[in-house]
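Dumped entry27.txt below, it's compact mmCIF, C-alpha atoms and all ligand atoms:
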# COMPACT_ATOMS: atom_id res chain seq x y z
CA MET A 181 -20.71 -46.27 -7.11
CA ALA A 182 -23.10 -48.36 -5.15
CA ALA A 183 -21.91 -51.54 -3.49
CA THR A 184 -22.28 -54.46 -5.85
CA PHE A 185 -23.15 -58.08 -5.38
CA ALA A 186 -19.89 -59.01 -7.06
CA THR A 187 -17.89 -57.15 -4.41
CA PHE A 188 -20.04 -58.58 -1.67
CA LYS A 189 -19.61 -62.11 -2.96
CA ARG A 190 -15.87 -61.76 -3.34
CA LEU A 191 -15.47 -60.44 0.20
CA LYS A 192 -17.80 -63.02 1.67
CA ASP A 193 -16.12 -65.90 -0.16
CA LYS A 194 -12.70 -64.77 0.97
CA GLY A 195 -13.91 -64.41 4.54
CA LEU A 196 -15.54 -67.82 4.60
CA ALA A 197 -12.54 -69.46 2.94
CA ALA A 198 -10.22 -68.01 5.60
CA LEU A 199 -12.66 -69.09 8.29
CA GLN A 200 -12.66 -72.62 6.98
CA GLN A 201 -8.91 -72.72 7.23
CA GLY A 202 -9.10 -71.57 10.82
CA ASP A 203 -7.55 -68.20 9.92
CA TYR A 204 -9.76 -66.09 12.20
CA VAL A 205 -7.58 -63.01 12.05
CA GLY A 206 -7.61 -63.12 8.26
CA ALA A 207 -11.33 -63.86 7.99
CA ARG A 208 -12.55 -61.03 10.20
CA PRO A 209 -11.90 -57.99 7.96
CA TYR A 210 -13.45 -59.71 4.97
CA LEU A 211 -16.55 -60.67 6.94
CA ILE A 212 -16.94 -57.13 8.25
CA GLN A 213 -16.51 -55.63 4.82
CA ALA A 214 -18.94 -58.16 3.34
CA ALA A 215 -21.48 -57.22 6.01
CA GLU A 216 -21.00 -53.51 5.31
CA CYS A 217 -21.41 -54.15 1.65
CA MET A 218 -24.61 -56.11 2.25
CA ILE A 219 -25.96 -53.26 4.38
CA GLU A 220 -25.37 -50.84 1.53
CA ILE A 221 -27.05 -53.19 -0.91
CA ALA A 222 -29.99 -53.54 1.48
CA GLU A 223 -30.32 -49.79 1.86
CA GLU A 224 -30.75 -49.40 -1.85
CA ASN A 225 -33.19 -52.25 -2.17
CA LYS A 226 -36.75 -51.07 -2.76
CA ASP A 227 -38.29 -54.42 -1.76
CA ALA A 228 -38.96 -54.31 1.98
CA LYS A 229 -38.92 -58.06 2.48
CA GLN A 230 -35.62 -58.50 0.66
CA ARG A 231 -34.22 -55.55 2.55
CA GLU A 232 -35.12 -57.25 5.80
CA GLU A 233 -33.49 -60.52 4.72
CA GLN A 234 -30.38 -58.77 3.54
CA GLY A 235 -30.15 -56.91 6.83
CA ALA A 236 -30.42 -60.18 8.71
CA TYR A 237 -27.70 -61.68 6.55
CA ALA A 238 -25.43 -58.71 7.28
CA ARG A 239 -26.00 -59.20 11.01
CA GLU A 240 -25.11 -62.88 10.68
CA LEU A 241 -21.86 -61.97 9.00
CA MET A 242 -21.09 -59.45 11.74
CA ASP A 243 -21.77 -62.15 14.33
CA LEU A 244 -19.37 -64.44 12.54
CA ALA A 245 -16.76 -61.66 12.59
CA LYS A 246 -17.27 -61.20 16.33
CA ASP A 247 -16.90 -64.91 16.77
CA CYS A 248 -13.58 -64.68 14.91
CA ASP A 249 -12.43 -62.15 17.50
CA ARG A 250 -13.27 -64.49 20.33
CA ARG A 251 -11.64 -67.48 18.70
CA ALA A 252 -8.52 -65.52 17.80
CA ALA A 253 -8.25 -64.34 21.41
CA ARG A 254 -8.71 -67.87 22.69
CA GLY A 255 -6.10 -69.15 20.26
CA GLY A 256 -3.74 -66.57 21.71
CA GLY A 257 -3.71 -68.25 25.13
CA GLY A 258 -7.20 -67.72 26.52
CA ALA A 259 -6.47 -65.22 29.25
CA ARG A 260 -7.11 -61.58 28.53
CA ARG A 261 -3.84 -60.03 27.53
CA ASP A 262 -2.65 -56.78 29.00
CA ARG A 263 -2.34 -53.69 26.88
CA ALA A 264 1.45 -53.52 26.91
CA ARG A 265 1.80 -57.01 25.59
CA GLU A 266 -0.76 -56.33 22.90
CA ASP A 267 1.20 -53.24 21.85
CA ASP A 268 4.29 -55.36 21.63
CA GLU A 269 2.54 -57.80 19.38
CA ASN A 270 1.20 -55.05 17.20
CA GLN A 271 4.71 -53.73 16.82
CA SER A 272 6.10 -56.98 15.56
CA LYS A 273 3.04 -57.53 13.40
CA ALA A 274 3.51 -54.12 11.81
CA GLU A 275 6.91 -55.24 10.61
CA ASP A 276 5.45 -58.46 9.21
CA TRP A 277 2.83 -56.37 7.56
CA ILE A 278 5.39 -54.65 5.40
CA VAL A 279 5.87 -57.16 2.62
CA ARG A 280 8.87 -56.41 0.45
CA GLU A 281 9.28 -58.14 -2.88
CA LYS A 282 11.81 -58.03 -5.66
CA PRO A 283 9.73 -59.31 -8.56
CA THR A 284 11.38 -61.05 -11.49
CA ILE A 285 8.64 -60.70 -14.10
CA HIS A 286 9.67 -58.72 -17.18
CA PHE A 287 7.56 -56.93 -19.78
CA ASP A 288 8.50 -59.66 -22.22
CA ASP A 289 6.77 -62.23 -20.03
CA ILE A 290 3.48 -60.42 -20.55
CA ALA A 291 1.81 -61.46 -23.80
CA GLY A 292 0.49 -58.68 -26.04
CA LEU A 293 -0.90 -55.48 -24.51
CA ASP A 294 1.66 -53.44 -26.45
CA GLU A 295 -0.26 -50.20 -26.04
CA VAL A 296 -0.44 -50.67 -22.30
CA LYS A 297 3.28 -51.36 -22.23
CA ASP A 298 3.97 -48.20 -24.25
CA GLU A 299 1.82 -46.14 -21.93
CA ILE A 300 3.58 -47.55 -18.89
CA ARG A 301 6.99 -46.93 -20.43
CA LEU A 302 6.08 -43.32 -21.12
CA LYS A 303 4.49 -42.60 -17.76
CA MET A 304 6.50 -44.74 -15.43
CA LEU A 305 9.71 -46.14 -16.80
CA TYR A 306 11.33 -43.57 -19.11
CA PRO A 307 11.03 -40.60 -16.72
CA PHE A 308 13.07 -42.53 -14.16
CA GLN A 309 15.43 -44.03 -16.69
CA HIS A 310 16.12 -40.71 -18.43
CA PRO A 311 15.82 -38.11 -15.69
CA GLU A 312 17.61 -35.24 -17.52
CA LEU A 313 15.40 -35.60 -20.56
CA ALA A 314 12.29 -35.81 -18.42
CA GLN A 315 13.26 -32.61 -16.66
CA ARG A 316 14.09 -30.86 -19.90
CA TYR A 317 10.71 -31.62 -21.39
CA GLY A 318 8.79 -31.18 -18.17
CA ILE A 319 7.60 -34.76 -18.06
CA SER A 320 6.23 -35.57 -14.63
CA VAL A 321 7.74 -38.38 -12.65
CA GLY A 322 6.26 -40.97 -10.33
CA GLY A 323 3.13 -40.52 -8.27
CA GLY A 324 -0.07 -42.52 -8.32
CA VAL A 325 -1.28 -44.81 -11.07
CA LEU A 326 -4.46 -46.83 -11.38
CA LEU A 327 -4.46 -50.08 -13.37
CA TYR A 328 -8.00 -51.16 -14.11
CA GLY A 329 -9.63 -53.82 -16.22
CA PRO A 330 -11.46 -57.14 -16.10
CA PRO A 331 -10.14 -59.95 -13.87
CA GLY A 332 -7.27 -62.05 -15.13
CA THR A 333 -5.93 -59.57 -17.68
CA GLY A 334 -2.51 -59.15 -16.11
CA LYS A 335 -2.81 -56.14 -13.78
CA THR A 336 -0.94 -57.81 -10.94
CA MET A 337 1.62 -59.06 -13.45
CA PHE A 338 2.09 -55.51 -14.69
CA ALA A 339 2.58 -54.16 -11.19
CA LYS A 340 5.33 -56.71 -10.64
CA ALA A 341 6.87 -56.11 -14.06
CA ILE A 342 6.98 -52.35 -13.44
CA ALA A 343 8.84 -52.90 -10.16
CA CYS A 344 11.14 -55.35 -11.91
CA GLU A 345 11.89 -53.11 -14.90
CA LEU A 346 12.68 -50.23 -12.56
CA ASP A 347 14.70 -52.55 -10.35
CA ALA A 348 12.59 -51.19 -7.51
CA THR A 349 11.47 -52.80 -4.28
CA MET A 350 7.78 -53.61 -4.29
CA PHE A 351 5.71 -53.07 -1.17
CA VAL A 352 2.40 -54.87 -1.14
CA ILE A 353 -0.50 -53.62 0.95
CA SER A 354 -4.21 -54.40 0.92
CA PRO A 355 -7.24 -52.54 2.22
CA ALA A 356 -8.23 -55.72 4.06
CA GLN A 357 -5.02 -55.52 6.06
CA ILE A 358 -5.73 -51.93 6.97
CA MET A 359 -9.21 -52.93 8.08
CA SER A 360 -7.92 -55.82 10.11
CA LYS A 361 -6.86 -55.82 13.67
CA TRP A 362 -4.90 -52.60 13.90
CA VAL A 363 -7.82 -50.47 14.85
CA GLY A 364 -5.94 -47.58 16.40
CA GLU A 365 -2.67 -48.72 14.82
CA ALA A 366 -3.63 -48.35 11.19
CA GLU A 367 -2.29 -44.81 10.80
CA GLN A 368 1.06 -45.68 12.33
CA ASN A 369 1.28 -48.73 10.09
CA VAL A 370 0.47 -46.77 6.97
CA ARG A 371 3.09 -44.20 7.92
CA LYS A 372 5.64 -46.95 8.55
CA LEU A 373 4.91 -48.43 5.17
CA PHE A 374 5.38 -45.16 3.30
CA ASP A 375 8.49 -44.36 5.34
CA ALA A 376 9.96 -47.75 4.50
CA ALA A 377 9.18 -47.16 0.82
CA LYS A 378 10.72 -43.68 0.88
CA ALA A 379 13.86 -45.04 2.50
CA GLU A 380 14.58 -47.14 -0.59
CA SER A 381 16.10 -45.49 -3.64
CA LYS A 382 13.35 -46.97 -5.80
CA SER A 383 10.07 -48.36 -4.67
CA VAL A 384 6.67 -49.30 -5.91
CA ILE A 385 3.79 -49.54 -3.46
CA PHE A 386 1.17 -51.89 -4.82
CA MET A 387 -2.38 -52.00 -3.55
CA ASP A 388 -4.69 -54.56 -5.10
CA GLU A 389 -8.48 -54.21 -4.85
CA VAL A 390 -7.97 -50.54 -4.28
CA GLU A 391 -11.73 -49.94 -4.66
CA ALA A 392 -12.13 -51.38 -1.16
CA LEU A 393 -10.32 -48.27 0.08
CA VAL A 394 -13.51 -46.33 0.62
CA PRO A 395 -14.31 -44.50 3.77
CA ARG A 396 -17.50 -46.22 4.83
CA ARG A 397 -20.04 -45.10 7.31
CA ARG A 398 -21.09 -46.77 10.54
CA ASP A 399 -19.27 -48.90 13.06
CA GLN A 400 -15.78 -48.77 14.36
CA GLN A 401 -14.22 -50.19 11.22
CA SER A 402 -15.47 -47.40 9.07
CA THR A 403 -13.78 -44.76 11.15
CA VAL A 404 -10.49 -46.50 10.47
CA MET A 405 -10.98 -45.97 6.77
CA GLN A 406 -12.22 -42.44 7.30
CA ARG A 407 -8.87 -41.59 8.83
CA VAL A 408 -6.61 -43.78 6.75
CA VAL A 409 -7.87 -42.99 3.24
CA PRO A 410 -7.08 -39.25 3.43
CA GLN A 411 -3.74 -40.13 4.98
CA ILE A 412 -2.82 -42.39 2.06
CA LEU A 413 -3.94 -39.77 -0.44
CA GLN A 414 -1.85 -37.17 1.33
CA GLU A 415 1.16 -39.46 1.22
CA ILE A 416 0.75 -39.93 -2.53
CA GLU A 417 0.36 -36.19 -3.09
CA GLY A 418 3.46 -35.61 -1.02
CA PHE A 419 5.76 -37.81 -3.11
CA ASP A 420 8.50 -35.46 -4.13
CA ARG A 421 8.48 -36.08 -7.82
CA GLN A 422 12.18 -36.06 -8.45
CA ALA A 423 13.49 -38.06 -11.32
CA ASP A 424 16.39 -39.46 -9.34
CA ARG A 425 14.12 -41.25 -6.86
CA ALA A 426 11.48 -43.62 -8.12
CA LEU A 427 8.44 -43.63 -5.88
CA LEU A 428 5.26 -45.02 -7.35
CA PHE A 429 1.91 -45.90 -5.89
CA LEU A 430 0.11 -48.47 -8.04
CA GLY A 431 -3.50 -49.31 -7.38
CA ALA A 432 -5.28 -52.12 -9.23
CA THR A 433 -8.99 -52.76 -9.49
CA ASN A 434 -11.55 -54.63 -11.51
CA GLU A 435 -14.30 -52.41 -10.18
CA PRO A 436 -13.14 -48.89 -11.01
CA TRP A 437 -16.69 -47.53 -10.66
CA GLY A 438 -16.51 -48.52 -6.99
CA LEU A 439 -13.60 -46.16 -6.35
CA ASP A 440 -13.94 -43.21 -4.07
CA PRO A 441 -13.91 -40.28 -6.56
CA ALA A 442 -11.51 -38.44 -4.25
CA MET A 443 -8.85 -41.00 -5.18
CA LEU A 444 -8.89 -40.00 -8.82
CA ARG A 445 -8.23 -36.28 -8.36
CA PRO A 446 -5.07 -34.72 -9.78
CA GLY A 447 -1.97 -35.58 -7.81
CA ARG A 448 -3.50 -38.83 -6.59
CA LEU A 449 -4.23 -41.85 -8.80
CA ASP A 450 -4.29 -39.51 -11.73
CA ALA A 451 -2.71 -41.75 -14.36
CA LYS A 452 -5.34 -44.30 -15.29
CA ILE A 453 -4.34 -47.24 -17.42
CA TYR A 454 -6.86 -49.64 -18.89
CA VAL A 455 -5.67 -53.25 -19.07
CA PRO A 456 -8.17 -54.81 -21.51
CA LEU A 457 -8.84 -58.37 -22.57
CA PRO A 458 -6.22 -59.70 -25.00
CA ASP A 459 -6.79 -59.20 -28.74
CA ALA A 460 -6.23 -62.02 -31.25
CA THR A 461 -2.48 -61.38 -31.52
CA ALA A 462 -2.13 -61.40 -27.74
CA ARG A 463 -4.22 -64.57 -27.47
CA PHE A 464 -1.93 -66.22 -30.00
CA LYS A 465 1.04 -65.30 -27.82
CA LEU A 466 -0.75 -66.52 -24.71
CA PHE A 467 -1.35 -69.93 -26.29
CA GLU A 468 2.27 -69.98 -27.38
CA LEU A 469 3.33 -69.10 -23.86
CA TYR A 470 1.18 -71.68 -22.08
CA LEU A 471 1.25 -74.51 -24.63
CA GLY A 472 4.76 -73.94 -25.96
CA LYS A 473 6.52 -76.13 -23.42
CA ARG A 474 3.99 -78.96 -23.61
CA PRO A 475 3.93 -81.82 -26.11
CA LEU A 476 1.63 -80.76 -28.97
CA ALA A 477 0.16 -82.84 -31.79
CA ASP A 478 0.81 -81.62 -35.34
CA ASP A 479 -2.80 -80.61 -35.81
CA VAL A 480 -2.69 -77.93 -33.08
CA ASN A 481 -3.19 -74.58 -34.75
CA LEU A 482 -2.50 -71.63 -32.48
CA ALA A 483 -3.93 -69.06 -34.90
CA GLN A 484 -7.19 -70.94 -34.98
CA LEU A 485 -7.24 -71.19 -31.20
CA ALA A 486 -6.67 -67.44 -30.95
CA GLU A 487 -9.58 -66.90 -33.29
CA LYS A 488 -11.91 -69.18 -31.34
CA THR A 489 -11.20 -67.50 -28.01
CA ALA A 490 -12.35 -63.91 -28.46
CA GLY A 491 -13.47 -62.67 -25.03
CA TYR A 492 -11.17 -64.97 -23.03
CA SER A 493 -8.74 -63.36 -20.57
CA GLY A 494 -5.08 -64.24 -20.16
CA ALA A 495 -5.93 -66.17 -17.01
CA ASP A 496 -8.68 -68.02 -18.93
CA ILE A 497 -6.25 -69.05 -21.65
CA LYS A 498 -3.79 -70.25 -19.06
CA ALA A 499 -6.59 -72.35 -17.55
CA LEU A 500 -7.55 -73.74 -20.99
CA ALA A 501 -3.98 -74.85 -21.59
CA GLU A 502 -3.77 -76.53 -18.21
CA ARG A 503 -7.08 -78.26 -18.64
CA ALA A 504 -6.19 -79.45 -22.15
CA ALA A 505 -2.92 -80.86 -20.85
CA SER A 506 -4.69 -82.73 -18.08
CA ARG A 507 -6.63 -84.85 -20.60
CA PRO A 508 -3.75 -86.88 -22.09
CA PHE A 509 -2.05 -86.73 -18.70
CA LEU A 510 -4.96 -88.46 -16.97
CA GLU A 511 -5.20 -91.01 -19.77
CA SER A 512 -1.54 -91.86 -19.44
CA VAL A 513 -1.82 -92.08 -15.66
CA ALA A 514 -4.63 -94.58 -16.23
CA GLY A 515 -2.27 -96.69 -18.31
CA SER A 516 -2.54 -95.44 -21.91
CA GLU A 517 0.50 -94.78 -24.03
CA PRO A 518 1.42 -91.09 -23.43
CA ARG A 519 0.20 -88.94 -26.34
CA SER A 520 0.48 -85.27 -27.28
CA ILE A 521 -2.17 -82.63 -26.67
CA SER A 522 -4.42 -82.54 -29.73
CA MET A 523 -6.59 -79.87 -31.27
CA ALA A 524 -9.59 -81.97 -30.19
CA ASP A 525 -8.50 -81.66 -26.55
CA LEU A 526 -8.31 -77.91 -26.95
CA THR A 527 -11.64 -77.49 -28.72
CA ALA A 528 -13.26 -79.68 -26.07
CA VAL A 529 -11.97 -77.57 -23.19
CA ILE A 530 -12.93 -74.36 -24.98
CA ALA A 531 -16.48 -75.72 -25.19
CA GLU A 532 -16.38 -76.62 -21.48
CA LEU A 533 -14.96 -73.37 -20.20
CA PRO A 534 -16.74 -70.20 -21.27
CA PRO A 535 -14.90 -66.87 -20.90
CA SER A 536 -14.95 -65.60 -17.32
CA VAL A 537 -15.71 -62.02 -18.34
CA SER A 538 -19.04 -61.25 -20.00
CA SER A 539 -19.35 -58.84 -22.91
CA LYS A 540 -21.61 -56.77 -20.70
CA ASP A 541 -18.79 -56.37 -18.19
CA VAL A 542 -16.42 -55.38 -20.97
CA GLU A 543 -18.88 -52.70 -22.06
CA LYS A 544 -19.03 -51.45 -18.50
CA PHE A 545 -15.25 -51.03 -18.44
CA GLU A 546 -15.24 -49.30 -21.78
CA ARG A 547 -17.95 -46.95 -20.71
CA TRP A 548 -16.02 -46.11 -17.55
CA ALA A 549 -12.83 -45.64 -19.57
CA GLY A 550 -14.67 -43.24 -21.84
CA GLU A 551 -16.14 -41.23 -18.98
CA THR A 552 -12.97 -40.64 -16.98
N1 LIG A 601 -1.06 -60.81 -20.85
C1 LIG A 601 -0.70 -61.90 -20.15
N2 LIG A 601 0.43 -62.55 -20.42
C2 LIG A 601 0.79 -63.66 -19.74
N3 LIG A 601 0.06 -64.20 -18.79
C3 LIG A 601 -1.09 -63.62 -18.45
C4 LIG A 601 -1.54 -62.43 -19.12
N4 LIG A 601 -2.72 -62.05 -18.58
C5 LIG A 601 -2.99 -62.95 -17.63
N5 LIG A 601 -2.03 -63.89 -17.54
C6 LIG A 601 -2.03 -65.05 -16.63
O1 LIG A 601 -3.15 -64.96 -15.79
C7 LIG A 601 -2.78 -64.90 -14.43
C8 LIG A 601 -3.61 -63.84 -13.74
O2 LIG A 601 -3.15 -62.58 -14.11
P1 LIG A 601 -3.12 -61.37 -13.07
O3 LIG A 601 -3.15 -61.90 -11.70
O4 LIG A 601 -2.03 -60.45 -13.41
O5 LIG A 601 -4.54 -60.75 -13.42
P2 LIG A 601 -5.24 -59.49 -12.78
O6 LIG A 601 -5.58 -58.58 -13.90
O7 LIG A 601 -4.40 -58.95 -11.68
O8 LIG A 601 -6.55 -60.15 -12.23
P3 LIG A 601 -7.46 -59.72 -10.99
O9 LIG A 601 -8.21 -58.50 -11.44
O10 LIG A 601 -8.36 -60.90 -10.82
O11 LIG A 601 -6.55 -59.46 -9.84
C9 LIG A 601 -1.30 -64.55 -14.41
O12 LIG A 601 -0.66 -65.16 -13.35
C10 LIG A 601 -0.82 -65.09 -15.73
O13 LIG A 601 -0.46 -66.42 -15.54
MG MG A 602 -4.69 -58.98 -9.63
Mind turning the file's structure into structure tokens?
Amino acid sequence: MAATFATFKRLKDKGLAALQQGDYVGARPYLIQAAECMIEIAEENKDAKQREEQGAYARELMDLAKDCDRRAARGGGGARRDRAREDDENQSKAEDWIVREKPTIHFDDIAGLDEVKDEIRLKMLYPFQHPELAQRYGISVGGGVLLYGPPGTGKTMFAKAIACELDATMFVISPAQIMSKWVGEAEQNVRKLFDAAKAESKSVIFMDEVEALVPRRRDQQSTVMQRVVPQILQEIEGFDRQADRALLFLGATNEPWGLDPAMLRPGRLDAKIYVPLPDATARFKLFELYLGKRPLADDVNLAQLAEKTAGYSGADIKALAERAASRPFLESVAGSEPRSISMADLTAVIAELPPSVSSKDVEKFERWAGET
């Protein structure tokens, strides 16, 4: 469960991207987390010189984060603000922080993954939809669920579809938000969020990148997580699992091995659902979904495309379709007679775009699935 370069890179990229856009408040938590991650990587590095370099890099990221603080404060009017006013701002921000959504994605919009759908129906939909039966057979209701699998396989889509199928309100929360500027306010904000969710008759709380919810050591930020993580776990354990009130906590991750083991104990994220890469049938449906509404030449063979794209994720196939469509589009913009998308366009883009998930990564997921 060591920090990985992949996590580090993701956090760093997000931080730098926010920084580039002048979003100092948004950049800061990512930069701090990236620095923490780099420190962990450095600690495990046996090569002294590399360790030194990695440490220096972590310090640079921390400096950038501090700089974000200064710039954000300057952006807020320059003068040091008094505590009362800051509290006021935190209050209003806490309300902004609670993002409510009413998603409109249905299970039918998700290609393939029939086993995942069945598992979700059994664990999350039917108990709420048939409360008397659930009670009669002692089927447990609600609670915490972990969706895990490679990137781009539809985990976020599933979270939305679950909320939609239950006709529940979805609350979206991220560890980065918790880490961000409510040091000292985080607990209140978490409580507000769960209270708001409990006030609805049906709600789904969705936390993406849930593996970032790890109580880390060192520095002020870490103590935030040290307090907030147990609080969240306690909230999940405390969901009164009554069939007439849908209350679900959904966590999603593509690094399940990075999760704090405490999160997986019974009563917490105890239902674990693997969202794998699409099989050939699902890939066929994905091509149908993403090419279906575009002009296609007669030679386009979806079954063949499905066969050629073993290892591609749903998001990859969506990207292939878009890229294939851009070829005749660009030609027609340049003055050619508009033509349909041909099989040659599709084979060319398949050759250009390799799958984003390696078979090694897939093995890693399968191993983790087998062990837990
Ligand atoms: N099974 C699927 N059916 C339809 N579209 C899909 C499917 N899987 C992926 N997609 C497409 O890929 C996009 C990315 O999917 P999504 O965001 O749900 O992936 P994810 O598993 O949450 O990825 P990440 O781990 O990177 O967050 C979706 O918006 C959708 O367009
Ligand atoms: Mg996602």
Residue contacts of Leu196 of chain A (9 Å, all atoms listed in the file) excluding same-chain residues fewer than 5 positions away, as a PyMOL selection string:
chain A and resi 191+201+207+210-211
Export, as a short mmCIF file (atom, residue, chain, number, x, y, z; two decimals), keeping the file's coordinate frame, the selected residues with C-alpha atoms.
data_model
loop_
_atom_site.label_atom_id
_atom_site.label_comp_id
_atom_site.auth_asym_id
_atom_site.auth_seq_id
_atom_site.Cartn_x
_atom_site.Cartn_y
_atom_site.Cartn_z
CA LEU A 191 -15.47 -60.44 0.20
CA GLN A 201 -8.91 -72.72 7.23
CA ALA A 207 -11.33 -63.86 7.99
CA TYR A 210 -13.45 -59.71 4.97
CA LEU A 211 -16.55 -60.67 6.94
#
Taking 3 positions as the minimum chain separation for residues in the same chain, which residues sit within 6 Å of Leu466 of chain A when counting all atoms listed in the file? Answer as a PDB file with C-alpha atoms, keeping the file's coordinate frame.
ATOM      1  CA  ALA A 291       1.810 -61.460 -23.800  1.00  0.00           C
ATOM      2  CA  ARG A 463      -4.220 -64.570 -27.470  1.00  0.00           C
ATOM      3  CA  LEU A 469       3.330 -69.100 -23.860  1.00  0.00           C
TER       4      LEU A 469
END
What's around Ala528 of chain A at 9 Å? Count only C-alpha atoms, leave out sequence neighbours fewer than 5 positions away in its own chain, and write the answer as a PDB file with C-alpha atoms, in the coordinates of the input.
ATOM      1  CA  ALA A 504      -6.190 -79.450 -22.150  1.00  0.00           C
ATOM      2  CA  MET A 523      -6.590 -79.870 -31.270  1.00  0.00           C
ATOM      3  CA  LEU A 533     -14.960 -73.370 -20.200  1.00  0.00           C
TER       4      LEU A 533
END
Could you check how far atom CA of Ile353 of chain A sits from atom O11 of ligand LIG 601 (chain A), in Å to one decimal?
13.7 Å
List as a short mmCIF file (atom, residue, chain, number, x, y, z; two decimals) with C-alpha atoms, keeping the file's coordinate frame the protein and nucleic acid residues lying within 9 Å of ligand LIG 601 (chain A), with only C-alpha atoms and all ligand atoms counted.
data_model
loop_
_atom_site.label_atom_id
_atom_site.label_comp_id
_atom_site.auth_asym_id
_atom_site.auth_seq_id
_atom_site.Cartn_x
_atom_site.Cartn_y
_atom_site.Cartn_z
CA ASP A 288 8.50 -59.66 -22.22
CA ASP A 289 6.77 -62.23 -20.03
CA ILE A 290 3.48 -60.42 -20.55
CA ALA A 291 1.81 -61.46 -23.80
CA GLY A 292 0.49 -58.68 -26.04
CA LEU A 293 -0.90 -55.48 -24.51
CA LEU A 327 -4.46 -50.08 -13.37
CA TYR A 328 -8.00 -51.16 -14.11
CA GLY A 329 -9.63 -53.82 -16.22
CA PRO A 330 -11.46 -57.14 -16.10
CA PRO A 331 -10.14 -59.95 -13.87
CA GLY A 332 -7.27 -62.05 -15.13
CA THR A 333 -5.93 -59.57 -17.68
CA GLY A 334 -2.51 -59.15 -16.11
CA LYS A 335 -2.81 -56.14 -13.78
CA THR A 336 -0.94 -57.81 -10.94
CA MET A 337 1.62 -59.06 -13.45
CA PHE A 338 2.09 -55.51 -14.69
CA ALA A 339 2.58 -54.16 -11.19
CA LYS A 340 5.33 -56.71 -10.64
CA ASP A 388 -4.69 -54.56 -5.10
CA GLU A 389 -8.48 -54.21 -4.85
CA ALA A 432 -5.28 -52.12 -9.23
CA THR A 433 -8.99 -52.76 -9.49
CA ASN A 434 -11.55 -54.63 -11.51
CA GLU A 435 -14.30 -52.41 -10.18
CA VAL A 455 -5.67 -53.25 -19.07
CA PRO A 456 -8.17 -54.81 -21.51
CA LEU A 457 -8.84 -58.37 -22.57
CA PRO A 458 -6.22 -59.70 -25.00
CA ALA A 462 -2.13 -61.40 -27.74
CA ARG A 463 -4.22 -64.57 -27.47
CA LYS A 465 1.04 -65.30 -27.82
CA LEU A 466 -0.75 -66.52 -24.71
CA LEU A 469 3.33 -69.10 -23.86
CA TYR A 470 1.18 -71.68 -22.08
CA SER A 493 -8.74 -63.36 -20.57
CA GLY A 494 -5.08 -64.24 -20.16
CA ALA A 495 -5.93 -66.17 -17.01
CA ASP A 496 -8.68 -68.02 -18.93
CA ILE A 497 -6.25 -69.05 -21.65
CA LYS A 498 -3.79 -70.25 -19.06
CA ALA A 499 -6.59 -72.35 -17.55
#
Around (-5.1, -85.5, -28.4), as given in the file, which residues come within 12 Å? Count only C-alpha atoms and list them as a ChimeraX atom specification.
/A:475-480,504-512,517-529
May I have the residues within 7 Å of Arg280 of chain A as a short mmCIF file (atom, residue, chain, number, x, y, z; two decimals) with C-alpha atoms, in the coordinates of the input, using only C-alpha atoms and disregarding those fewer than 5 positions away in the same chain?
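The resulting file, out-v6.cif, is shown below:
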data_model
loop_
_atom_site.label_atom_id
_atom_site.label_comp_id
_atom_site.auth_asym_id
_atom_site.auth_seq_id
_atom_site.Cartn_x
_atom_site.Cartn_y
_atom_site.Cartn_z
CA THR A 349 11.47 -52.80 -4.28
CA MET A 350 7.78 -53.61 -4.29
CA PHE A 351 5.71 -53.07 -1.17
CA VAL A 352 2.40 -54.87 -1.14
#
Tell me which of A:Ala549, A:Asp440, A:Cys344, A:Leu430 sits closest to ligand MG 602 (chain A), counting only C-alpha atoms and all ligand atoms.
A:Leu430
Just the number, please: distance in Å from atom CA of Leu199 of chain A to atom CA of Ala215 of chain A, one decimal.
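These atoms are spaced 15.0 Å apart.
Atom pair atom CA of Val537 of chain A / atom CA of Phe429 of chain A has a distance of 26.9 Å (rounded to one decimal).
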